[in-house]
$ cat start.csv   # CSV, C-alpha atoms
chain,number,residue,atom,x,y,z
A,630,MET,CA,-3.5,3.0,22.5
A,631,ASN,CA,-5.9,0.6,24.2
A,632,VAL,CA,-5.0,2.0,27.6
A,633,LEU,CA,-5.5,5.6,26.3
A,634,SER,CA,-8.9,4.8,24.9
A,635,GLN,CA,-10.1,4.1,28.4
A,636,GLU,CA,-8.9,7.5,29.7
A,637,ASP,CA,-11.1,10.5,30.5
A,638,ASP,CA,-11.4,13.2,27.9
A,639,GLN,CA,-9.5,15.7,29.9
A,640,VAL,CA,-6.6,13.3,30.5
A,641,LEU,CA,-6.4,12.6,26.7
A,642,PHE,CA,-6.5,16.3,26.0
A,643,ASP,CA,-3.6,16.9,28.4
A,644,ILE,CA,-1.6,14.2,26.7
A,645,TRP,CA,-2.4,15.8,23.4
A,646,LEU,CA,-1.4,19.3,24.7
A,647,LYS,CA,2.0,17.8,25.8
A,648,GLY,CA,2.6,17.1,22.1
A,649,ASP,CA,1.7,13.4,22.1
A,650,ILE,CA,-0.4,12.7,19.1
A,651,ARG,CA,-1.9,9.6,20.7
A,652,GLY,CA,-4.0,11.8,22.9
A,653,PHE,CA,-5.5,13.4,19.8
A,654,SER,CA,-5.9,10.1,18.0
A,655,ALA,CA,-7.8,8.6,21.0
A,656,LEU,CA,-10.2,11.6,21.1
A,657,TYR,CA,-10.7,11.4,17.4
A,658,GLU,CA,-11.5,7.7,17.5
A,659,ARG,CA,-13.9,8.3,20.3
A,660,TYR,CA,-15.9,11.1,18.7
A,661,LYS,CA,-15.4,11.0,15.0
A,662,ASN,CA,-18.6,9.0,14.3
A,663,ARG,CA,-20.7,11.4,16.3
A,664,VAL,CA,-19.3,14.4,14.7
A,665,PHE,CA,-19.6,12.8,11.3
A,666,GLY,CA,-23.2,11.8,12.0
A,667,PHE,CA,-23.9,15.5,12.8
A,668,LEU,CA,-22.2,16.8,9.7
A,669,VAL,CA,-23.8,14.3,7.3
A,670,ARG,CA,-27.3,15.1,8.7
A,671,MET,CA,-26.7,18.8,8.7
A,672,THR,CA,-25.4,19.0,5.1
A,673,ASN,CA,-27.2,15.9,3.6
A,674,ASP,CA,-24.0,15.4,1.6
A,675,ARG,CA,-21.4,12.8,2.6
A,676,GLU,CA,-18.5,14.2,0.7
A,677,ILE,CA,-19.0,17.7,2.1
A,678,ALA,CA,-19.4,16.2,5.6
A,679,GLU,CA,-16.0,14.4,5.1
A,680,ASP,CA,-14.4,17.7,4.2
A,681,LEU,CA,-16.0,19.4,7.2
A,682,LEU,CA,-14.9,16.7,9.5
A,683,GLN,CA,-11.4,17.2,8.4
A,684,ASP,CA,-11.7,21.0,8.9
A,685,THR,CA,-13.3,20.5,12.3
A,686,PHE,CA,-10.4,18.4,13.7
A,687,LEU,CA,-7.8,20.5,12.1
A,688,ALA,CA,-9.3,23.6,13.6
A,689,ALA,CA,-9.4,21.8,17.0
A,690,MET,CA,-5.8,21.0,16.6
A,691,ARG,CA,-4.8,24.6,15.8
A,692,ASN,CA,-7.0,26.1,18.6
A,693,ALA,CA,-6.4,23.7,21.4
A,694,GLN,CA,-5.3,26.5,23.7
A,695,GLN,CA,-8.7,28.1,23.4
A,696,PHE,CA,-10.4,25.0,24.9
A,697,ASP,CA,-12.1,26.0,28.2
A,698,ARG,CA,-11.5,23.3,30.7
A,699,GLN,CA,-14.8,23.9,32.4
A,700,ARG,CA,-16.5,22.7,29.2
A,701,ASN,CA,-17.1,19.3,27.9
A,702,PHE,CA,-14.6,18.3,25.1
A,703,LEU,CA,-17.4,16.9,23.0
A,704,SER,CA,-19.5,20.0,23.2
A,705,TRP,CA,-16.4,22.0,22.3
A,706,ILE,CA,-15.7,19.9,19.2
A,707,PHE,CA,-19.4,20.1,18.3
A,708,GLY,CA,-19.2,23.8,18.6
A,709,ILE,CA,-16.4,23.9,16.0
A,710,ALA,CA,-18.3,21.4,13.7
A,711,HIS,CA,-21.4,23.6,14.0
A,712,LYS,CA,-19.4,26.7,13.1
A,713,ARG,CA,-17.9,24.9,10.1
A,714,THR,CA,-21.3,23.9,8.9
A,715,ILE,CA,-22.7,27.4,9.2
A,716,ASP,CA,-19.7,28.7,7.2
A,717,TYR,CA,-20.4,26.0,4.6
A,718,PHE,CA,-24.0,27.0,4.3
A,719,ARG,CA,-23.0,30.7,4.0
A,720,HIS,CA,-20.7,29.7,1.2
A,721,VAL,CA,-23.4,27.7,-0.6
A,722,LYS,CA,-25.8,30.5,-0.2
A,723,VAL,CA,-23.5,32.9,-1.9
A,724,GLU,CA,-22.8,30.4,-4.7
A,725,ASN,CA,-26.5,29.7,-5.2
A,726,GLU,CA,-27.2,33.3,-5.7
A,727,HIS,CA,-25.2,33.0,-9.0
A,728,LEU,CA,-27.1,29.9,-10.2
A,729,ASP,CA,-30.4,30.1,-12.1
A,730,ASP,CA,-33.4,27.9,-11.4
A,731,THR,CA,-32.4,25.4,-14.1
A,732,ASP,CA,-29.0,24.7,-12.6
A,733,ARG,CA,-30.6,24.3,-9.2
A,734,SER,CA,-33.1,21.7,-10.5
A,735,LEU,CA,-30.3,19.7,-11.9
A,736,GLY,CA,-28.3,19.9,-8.7
A,737,LYS,CA,-27.4,16.9,-6.6
A,738,GLY,CA,-30.2,16.0,-4.2
A,739,PRO,CA,-29.6,15.1,-0.6
A,740,LEU,CA,-27.6,11.9,-0.3
A,741,LEU,CA,-28.5,9.4,2.4
A,742,PRO,CA,-25.8,8.0,4.5
A,743,ASP,CA,-24.5,4.5,3.7
A,744,ASP,CA,-25.9,3.2,7.0
A,745,LEU,CA,-29.4,3.7,5.7
A,746,MET,CA,-28.7,1.3,2.9
A,747,SER,CA,-27.4,-1.4,5.1
A,748,GLY,CA,-30.8,-2.7,6.0
A,749,LYS,CA,-30.9,-1.8,9.6
A,750,HIS,CA,-34.5,-1.0,10.0
A,751,LEU,CA,-34.4,1.0,13.2
A,752,ASN,CA,-31.4,3.0,12.0
A,753,SER,CA,-33.1,3.8,8.8
A,754,VAL,CA,-36.4,4.8,10.4
A,755,LEU,CA,-34.6,7.0,12.9
A,756,ASN,CA,-32.6,8.6,10.1
A,757,ASP,CA,-35.8,9.3,8.2
A,758,ALA,CA,-37.4,10.8,11.3
A,759,VAL,CA,-34.4,13.1,11.9
A,760,ASN,CA,-34.2,14.1,8.3
A,761,SER,CA,-37.8,15.0,8.2
A,762,LEU,CA,-37.2,17.7,10.9
A,763,GLU,CA,-37.0,21.3,10.0
A,764,PRO,CA,-33.3,22.4,9.8
A,765,MET,CA,-33.4,24.5,13.0
A,766,GLN,CA,-35.1,21.7,15.0
A,767,ARG,CA,-32.7,19.1,13.6
A,768,GLU,CA,-29.8,21.3,14.5
A,769,VAL,CA,-30.9,21.6,18.2
A,770,PHE,CA,-31.8,18.0,18.4
A,771,LEU,CA,-28.4,16.7,17.0
A,772,LEU,CA,-26.4,19.2,19.1
A,773,ARG,CA,-28.2,18.1,22.2
A,774,GLU,CA,-28.4,14.3,21.6
A,775,LEU,CA,-25.2,13.7,19.7
A,776,GLY,CA,-23.0,16.4,21.0
A,777,ASP,CA,-24.3,16.6,24.6
A,778,VAL,CA,-24.1,20.4,24.2
A,779,PRO,CA,-25.9,22.2,27.0
A,780,PHE,CA,-29.0,24.3,25.9
A,781,LYS,CA,-27.3,27.4,27.1
A,782,ASP,CA,-24.4,26.8,24.6
A,783,ILE,CA,-26.8,25.7,21.9
A,784,ALA,CA,-28.7,29.0,22.3
A,785,HIS,CA,-25.3,30.9,22.1
A,786,MET,CA,-24.3,28.9,19.0
A,787,MET,CA,-27.6,29.5,17.2
A,788,ASN,CA,-27.7,33.1,18.3
A,789,CYS,CA,-31.1,32.8,19.9
A,790,PRO,CA,-32.6,33.0,23.4
A,791,ILE,CA,-32.5,29.7,25.4
A,792,ASN,CA,-36.3,29.5,25.3
A,793,THR,CA,-36.2,29.4,21.5
A,794,ALA,CA,-33.7,26.6,21.6
A,795,LEU,CA,-35.9,24.7,24.1
A,796,GLY,CA,-39.0,25.3,22.0
A,797,ARG,CA,-37.2,23.9,18.9
A,798,MET,CA,-36.1,20.9,20.9
A,799,ARG,CA,-39.7,20.2,22.1
A,800,LEU,CA,-41.0,20.4,18.6
A,801,ALA,CA,-38.2,18.2,17.3
A,802,LEU,CA,-39.0,15.5,19.9
A,803,LYS,CA,-42.7,15.7,19.1
A,804,ASN,CA,-42.1,15.4,15.3
A,805,ILE,CA,-39.6,12.5,15.7
A,806,ARG,CA,-42.1,10.6,17.8
A,807,ARG,CA,-44.8,11.3,15.2
A,808,GLU,CA,-42.5,10.0,12.4
A,809,LEU,CA,-41.5,6.9,14.4
A,810,LYS,CA,-45.1,6.1,15.1
A,811,LYS,CA,-46.0,6.6,11.4
A,812,ARG,CA,-43.3,4.1,10.5
A,813,GLY,CA,-44.5,1.6,13.1
A,814,VAL,CA,-42.0,2.3,15.8
A,815,HIS,CA,-43.5,3.4,19.1
A,816,GLY,CA,-41.7,5.7,21.5
A,817,LEU,CA,-43.1,4.5,24.8
A,818,GLN,CA,-42.9,0.8,25.3
B,940,MET,CA,-53.5,19.4,27.9
B,941,ASP,CA,-49.8,20.4,27.3
B,942,CYS,CA,-48.0,21.9,30.2
B,943,ASN,CA,-45.6,24.8,29.6
B,944,LYS,CA,-43.2,23.6,32.2
B,945,TRP,CA,-42.1,20.7,30.1
B,946,GLU,CA,-40.6,23.1,27.6
B,947,SER,CA,-39.2,25.6,30.0
B,948,THR,CA,-38.0,23.3,32.8
B,949,GLY,CA,-38.6,19.7,31.8
B,950,LEU,CA,-36.1,19.6,29.0
B,951,LEU,CA,-33.5,21.2,31.2
B,952,PHE,CA,-34.4,18.6,33.8
B,953,VAL,CA,-33.8,15.6,31.5
B,954,ALA,CA,-30.6,17.3,30.2
B,955,LYS,CA,-29.4,17.6,33.9
B,956,GLU,CA,-29.0,21.3,33.5
B,957,LEU,CA,-31.0,22.4,36.5
B,958,ASP,CA,-29.6,23.2,40.0
B,959,LYS,CA,-30.7,21.2,43.0
B,960,LYS,CA,-33.4,23.5,44.1
B,961,GLN,CA,-35.0,23.6,40.6
B,962,VAL,CA,-34.7,19.8,40.3
B,963,SER,CA,-36.6,19.3,43.5
B,964,LEU,CA,-39.2,21.8,42.5
B,965,TYR,CA,-39.7,20.1,39.1
B,966,ILE,CA,-40.0,16.7,40.7
B,967,GLU,CA,-42.6,18.1,43.0
B,968,HIS,CA,-44.4,19.5,39.9
B,969,CYS,CA,-44.3,16.1,38.1
B,970,ARG,CA,-46.1,14.5,41.0
B,971,THR,CA,-49.2,16.5,40.2
B,972,CYS,CA,-48.7,17.1,36.4
B,973,THR,CA,-49.4,13.9,34.4
B,974,PHE,CA,-48.3,15.6,31.1
B,975,CYS,CA,-44.8,16.4,32.5
B,976,SER,CA,-44.4,13.0,34.2
B,977,GLN,CA,-45.4,11.3,30.9
B,978,GLU,CA,-43.1,13.4,28.8
B,979,VAL,CA,-40.1,12.8,31.2
B,980,ALA,CA,-40.8,9.0,31.0
B,981,GLN,CA,-41.2,9.1,27.2
B,982,TYR,CA,-38.0,11.0,26.8
B,983,GLU,CA,-36.0,8.7,29.1
B,984,SER,CA,-37.4,5.7,27.1
B,985,ASP,CA,-36.5,7.3,23.7
B,986,LYS,CA,-33.1,8.2,25.0
B,987,VAL,CA,-32.4,4.6,25.8
B,988,LEU,CA,-34.0,3.1,22.7
B,989,TYR,CA,-33.4,5.6,19.9
B,990,PHE,CA,-31.4,8.6,20.8
B,991,THR,CA,-28.2,6.7,21.4
B,992,PRO,CA,-24.8,7.6,19.9
B,993,ASN,CA,-24.7,4.3,18.2
B,994,LEU,CA,-27.9,4.9,16.3
B,995,LEU,CA,-27.3,8.6,15.6
B,996,SER,CA,-23.6,8.3,14.7
B,997,ILE,CA,-22.4,7.5,11.2
B,998,SER,CA,-19.2,5.6,10.7
B,999,THR,CA,-16.4,7.5,8.9
B,1000,PRO,CA,-14.7,5.8,6.0
B,1001,PRO,CA,-11.2,4.4,6.9
B,1002,ASP,CA,-9.4,6.4,4.3
B,1003,LEU,CA,-10.8,9.6,5.8
B,1004,ASP,CA,-9.5,8.6,9.2
B,1005,ALA,CA,-6.1,8.0,7.8
B,1006,LYS,CA,-6.2,11.4,6.0
B,1007,VAL,CA,-7.3,13.4,9.1
B,1008,LEU,CA,-4.8,11.7,11.4
B,1009,SER,CA,-1.9,12.3,9.0
B,1010,LEU,CA,-2.9,15.9,8.4
B,1011,CYS,CA,-3.2,16.5,12.1
B,1012,THR,CA,0.2,15.1,12.9
B,1013,THR,CA,1.8,17.4,10.4
B,1014,VAL,CA,-0.1,20.5,11.3
B,1015,LYS,CA,1.8,23.2,13.2
B,1016,GLN,CA,0.6,23.1,16.7
B,1017,THR,CA,0.5,26.8,17.5
B,1018,SER,CA,-0.7,26.4,21.0
B,1019,ILE,CA,1.2,23.5,22.6
B,1020,GLY,CA,3.3,24.1,25.7
B,1021,MET,CA,4.2,27.1,27.8
B,1022,PHE,CA,6.6,28.5,25.2
B,1023,SER,CA,4.0,28.4,22.5
B,1024,ALA,CA,3.7,31.0,19.8
B,1025,VAL,CA,0.8,32.5,21.7
B,1026,TRP,CA,2.8,32.9,24.9
B,1027,VAL,CA,5.8,34.3,23.0
B,1028,LYS,CA,3.5,36.8,21.4
B,1029,ARG,CA,2.0,37.8,24.7
B,1030,VAL,CA,5.4,38.2,26.4
B,1031,VAL,CA,6.9,40.3,23.5
B,1032,PHE,CA,3.8,42.5,23.4
B,1033,SER,CA,3.9,43.1,27.1
B,1034,ALA,CA,7.6,43.9,27.0
B,1035,LEU,CA,7.0,46.4,24.1
B,1036,VAL,CA,4.2,48.1,25.9
B,1037,PHE,CA,6.3,48.4,29.1
B,1038,ALA,CA,9.3,49.8,27.1
B,1039,PHE,CA,7.1,52.3,25.3
B,1040,GLY,CA,5.5,53.3,28.6
B,1041,ALA,CA,8.8,53.7,30.3
B,1042,GLY,CA,10.2,55.7,27.3
B,1043,ALA,CA,7.2,58.0,27.2
B,1044,GLY,CA,7.3,58.6,30.9
B,1045,GLY,CA,11.0,59.4,30.9
B,1046,TYR,CA,10.6,61.7,28.0
B,1047,PHE,CA,7.8,63.7,29.6
B,1048,SER,CA,9.5,63.9,32.9
B,1049,PHE,CA,12.6,65.2,31.3
B,1050,ALA,CA,10.6,67.7,29.2
B,1051,TYR,CA,8.9,68.9,32.3
B,1052,TYR,CA,12.1,69.6,34.3
B,1053,HIS,CA,13.7,71.0,31.2
B,1054,SER,CA,10.9,73.4,30.7
B,1055,LYS,CA,11.2,74.5,34.3
B,1056,SER,CA,14.8,75.4,33.9
B,1057,VAL,CA,14.1,77.2,30.6
B,1058,SER,CA,11.4,79.3,32.2
B,1059,SER,CA,13.7,80.3,35.0
B,1060,LEU,CA,16.3,81.3,32.5
B,1061,ALA,CA,13.7,83.4,30.7
B,1062,SER,CA,13.0,85.2,33.9
B,1063,VAL,CA,16.7,85.8,34.4
B,1064,LYS,CA,16.8,87.5,31.0
B,1065,ARG,CA,14.0,89.8,32.0
B,1066,ILE,CA,15.9,90.8,35.1
B,1067,SER,CA,19.2,91.8,33.7
B,1068,PRO,CA,21.6,90.4,31.1
B,1069,ALA,CA,24.4,90.7,33.5
B,1070,LEU,CA,22.8,88.3,36.0
B,1071,ALA,CA,21.7,85.6,33.5
B,1072,PRO,CA,24.8,83.4,33.8
B,1073,VAL,CA,24.6,83.5,37.6
B,1074,LEU,CA,20.8,82.7,37.7
B,1075,SER,CA,21.0,80.0,35.0
B,1076,SER,CA,23.7,78.2,37.0
B,1077,SER,CA,21.5,78.3,40.0
B,1078,ALA,CA,18.5,77.0,38.0
B,1079,ASN,CA,20.6,74.1,36.8
B,1080,ARG,CA,21.5,73.4,40.3
B,1081,GLN,CA,17.8,73.0,41.2
B,1082,MET,CA,17.6,69.9,39.1
B,1083,GLN,CA,20.5,68.3,41.0
B,1084,PRO,CA,19.5,66.2,44.0
B,1085,ALA,CA,22.0,67.5,46.6
B,1086,PRO,CA,23.7,70.7,45.5
B,1087,ASP,CA,26.9,71.5,47.2
B,1088,THR,CA,26.5,75.2,47.7
B,1089,SER,CA,29.9,75.9,49.1
B,1090,LYS,CA,31.6,74.9,45.8
B,1091,SER,CA,29.1,75.7,43.0
B,1092,ASP,CA,28.2,79.2,44.4
B,1093,ALA,CA,31.8,80.3,44.4
B,1094,ASN,CA,31.3,82.8,41.6
B,1095,VAL,CA,27.9,84.0,42.8
B,1096,PRO,CA,27.9,87.1,44.8
B,1097,SER,CA,27.0,86.4,48.4
B,1098,VAL,CA,24.0,88.8,48.1
B,1099,LEU,CA,22.3,86.5,45.6
B,1100,GLN,CA,23.3,83.0,46.9
B,1101,LYS,CA,20.3,82.3,49.1
B,1102,SER,CA,17.7,84.7,47.8
B,1103,VAL,CA,17.7,83.1,44.3
B,1104,ARG,CA,16.8,79.7,45.6
B,1105,SER,CA,13.8,80.6,47.8
B,1106,PRO,CA,10.3,80.3,46.2
B,1107,MET,CA,9.4,83.9,47.2
B,1108,ALA,CA,12.6,85.1,45.5
B,1109,ARG,CA,11.6,83.2,42.3
B,1110,GLN,CA,8.2,84.9,42.3
B,1111,SER,CA,9.9,88.3,42.7
B,1112,GLU,CA,12.4,87.5,39.9
B,1113,SER,CA,9.5,87.1,37.5
B,1114,GLN,CA,8.5,90.6,38.4
B,1115,GLY,CA,12.0,91.9,38.0
B,1116,ILE,CA,12.8,92.2,41.7
B,1117,ILE,CA,15.7,90.5,43.4
B,1118,THR,CA,15.2,90.0,47.1
B,1119,VAL,CA,18.1,90.6,49.3
B,1120,ASP,CA,18.4,89.6,53.0
B,1121,VAL,CA,19.4,92.9,54.3
B,1122,LYS,CA,19.7,91.7,57.9
B,1123,LYS,CA,22.1,89.1,57.1
B,1124,GLU,CA,24.2,91.3,54.9
$ encode --input "start.csv" --output "structure tokens"
Amino acid sequence: MNVLSQEDDQVLFDIWLKGDIRGFSALYERYKNRVFGFLVRMTNDREIAEDLLQDTFLAAMRNAQQFDRQRNFLSWIFGIAHKRTIDYFRHVKVENEHLDDTDRSLGKGPLLPDDLMSGKHLNSVLNDAVNSLEPMQREVFLLRELGDVPFKDIAHMMNCPINTALGRMRLALKNIRRELKKRGVHGLQ
Amino acid sequence: MDCNKWESTGLLFVAKELDKKQVSLYIEHCRTCTFCSQEVAQYESDKVLYFTPNLLSISTPPDLDAKVLSLCTTVKQTSIGMFSAVWVKRVVFSALVFAFGAGAGGYFSFAYYHSKSVSSLASVKRISPALAPVLSSSANRQMQPAPDTSKSDANVPSVLQKSVRSPMARQSESQGIITVDVKKE
């Protein structure tokens, strides 16, 4: 497994396609935290993010043949994670239509990831800054910075022109820097 | 003052999504635009200090890892290998399409030739009931690749043997006229 963990994504993917589960395990170990970070921040709910992570990797397992070799494996898996998140929000939206305002006010508020409680100041500040972003800006920012997804693919995923995705990214960077400065962390050293 | 090129090109530049020509053009632009050069420097700095996978990632709980890995080892891999379900489906579908196409083609070609022979029979009936068996046998012979005239035309009067087969004769038949090669006879 140690040898496999050093291999390129494509090599690991080929090992996985040949039926060797160690290829999949190595890819999972490599990217699980990134995908989980994306899902937690998108849903603001750790339990739901756990379910979505499971769904994401199961879907990847089932649809391995659809992976385009020209693409980055990470951006492909982020594409699946993004789709699962959108499906989740659609489901939540439908459910919320049946709830009245009282139920909503009693609902569970956004949960912060455990890492925030661990006392790591920088991590905490950065998480606050990311969470303060508008959902669309956060989505573009996380897809780009965590998933290395190209802007063209982000635009495709979000069903918007590339210029819109770029505009959201610019605003996300601007707002994160503002939040970091507000909390005493300066961007440019 | 903000420069529009940071949003339209600068972000693609730092994401390494520009081609060589665009990269050189943007570098040239950054030499004269302080806003863009500052933004690029700021982003590169943020990327190293804050936007790192370590800071943005969140660790998964160990029980979740075990659950996902155990689920993924038991899941049916529908797309592994050359003889996967997807490939089998594709091959079966192609074979069915081919078989259907061949069957349909064969049926229509048979129907076409059959209708030809029926129409010639109909024209025989219009000519004379007495000649119908003679002409129908000649119509059937048209469908055969290499008719042996010496044997099959044994019962046909010599007057009709060649005239029935020629296209002009067939046209005449439809008008109720049977051509006879008088010179030969």
$ residues_near_point --input "start.csv" --point "(-7.1, 13.3, 21.6)" --cutoff "9 Å" --atoms "all atoms listed in the file" --output "number ranges by chain"
A: 638-646, 649-659
$ interface_residues --input "start.csv" --of "chain A" --to "chain B" --cutoff "7 Å" --atoms "all atoms listed in the file" --output "PDB file with C-alpha atoms, keeping the file's coordinate frame"
ATOM      1  CA  LEU A 646      -1.400  19.300  24.700  1.00  0.00           C
ATOM      2  CA  LYS A 647       2.000  17.800  25.800  1.00  0.00           C
ATOM      3  CA  GLY A 648       2.600  17.100  22.100  1.00  0.00           C
ATOM      4  CA  ILE A 650      -0.400  12.700  19.100  1.00  0.00           C
ATOM      5  CA  SER A 654      -5.900  10.100  18.000  1.00  0.00           C
ATOM      6  CA  ASN A 662     -18.600   9.000  14.300  1.00  0.00           C
ATOM      7  CA  ARG A 663     -20.700  11.400  16.300  1.00  0.00           C
ATOM      8  CA  PHE A 665     -19.600  12.800  11.300  1.00  0.00           C
ATOM      9  CA  GLY A 666     -23.200  11.800  12.000  1.00  0.00           C
ATOM     10  CA  GLN A 683     -11.400  17.200   8.400  1.00  0.00           C
ATOM     11  CA  LEU A 687      -7.800  20.500  12.100  1.00  0.00           C
ATOM     12  CA  MET A 690      -5.800  21.000  16.600  1.00  0.00           C
ATOM     13  CA  ARG A 691      -4.800  24.600  15.800  1.00  0.00           C
ATOM     14  CA  ASN A 692      -7.000  26.100  18.600  1.00  0.00           C
ATOM     15  CA  ALA A 693      -6.400  23.700  21.400  1.00  0.00           C
ATOM     16  CA  GLN A 694      -5.300  26.500  23.700  1.00  0.00           C
ATOM     17  CA  ASP A 744     -25.900   3.200   7.000  1.00  0.00           C
ATOM     18  CA  ASN A 752     -31.400   3.000  12.000  1.00  0.00           C
ATOM     19  CA  GLU A 774     -28.400  14.300  21.600  1.00  0.00           C
ATOM     20  CA  LEU A 775     -25.200  13.700  19.700  1.00  0.00           C
ATOM     21  CA  ASN A 792     -36.300  29.500  25.300  1.00  0.00           C
ATOM     22  CA  LEU A 795     -35.900  24.700  24.100  1.00  0.00           C
ATOM     23  CA  GLY A 796     -39.000  25.300  22.000  1.00  0.00           C
ATOM     24  CA  ARG A 799     -39.700  20.200  22.100  1.00  0.00           C
ATOM     25  CA  GLY A 816     -41.700   5.700  21.500  1.00  0.00           C
ATOM     26  CA  LEU A 817     -43.100   4.500  24.800  1.00  0.00           C
TER      27      LEU A 817
END
$ residues_around --input "start.csv" --residues "Thr973 (chain B)" --least-positions-apart "6" --cutoff "12 Å" --atoms "all atoms listed in the file" --output "list of chain:residue names"
B:Met940, B:Asp941, B:Cys942, B:Lys944, B:Trp945, B:Ile966, B:Glu967, B:Val979, B:Ala980, B:Gln981
$ atom_distance --input "start.csv" --atom1 "CA of Leu800 (chain A)" --atom2 "CA of His968 (chain B)"
21.6 Å
$ atom_distance --input "start.csv" --atom1 "CA of Asp757 (chain A)" --atom2 "CA of Arg670 (chain A)"
10.3 Å
$ atom_distance --input "start.csv" --atom1 "CA of Ala689 (chain A)" --atom2 "CA of Ile709 (chain A)"
7.4 Å
$ closest_residue --input "start.csv" --among "A:Lys803, A:Arg797, A:Arg700, A:Arg675" --to "Asp777 (chain A)" --atoms "only C-alpha atoms"
A:Arg700
$ residues_around --input "start.csv" --residues "Asn788 (chain A)" --least-positions-apart "6" --cutoff "12 Å" --atoms "all atoms listed in the file" --output "MDAnalysis selection string"
chainID A and resid 712 715 765 769 780:782 794
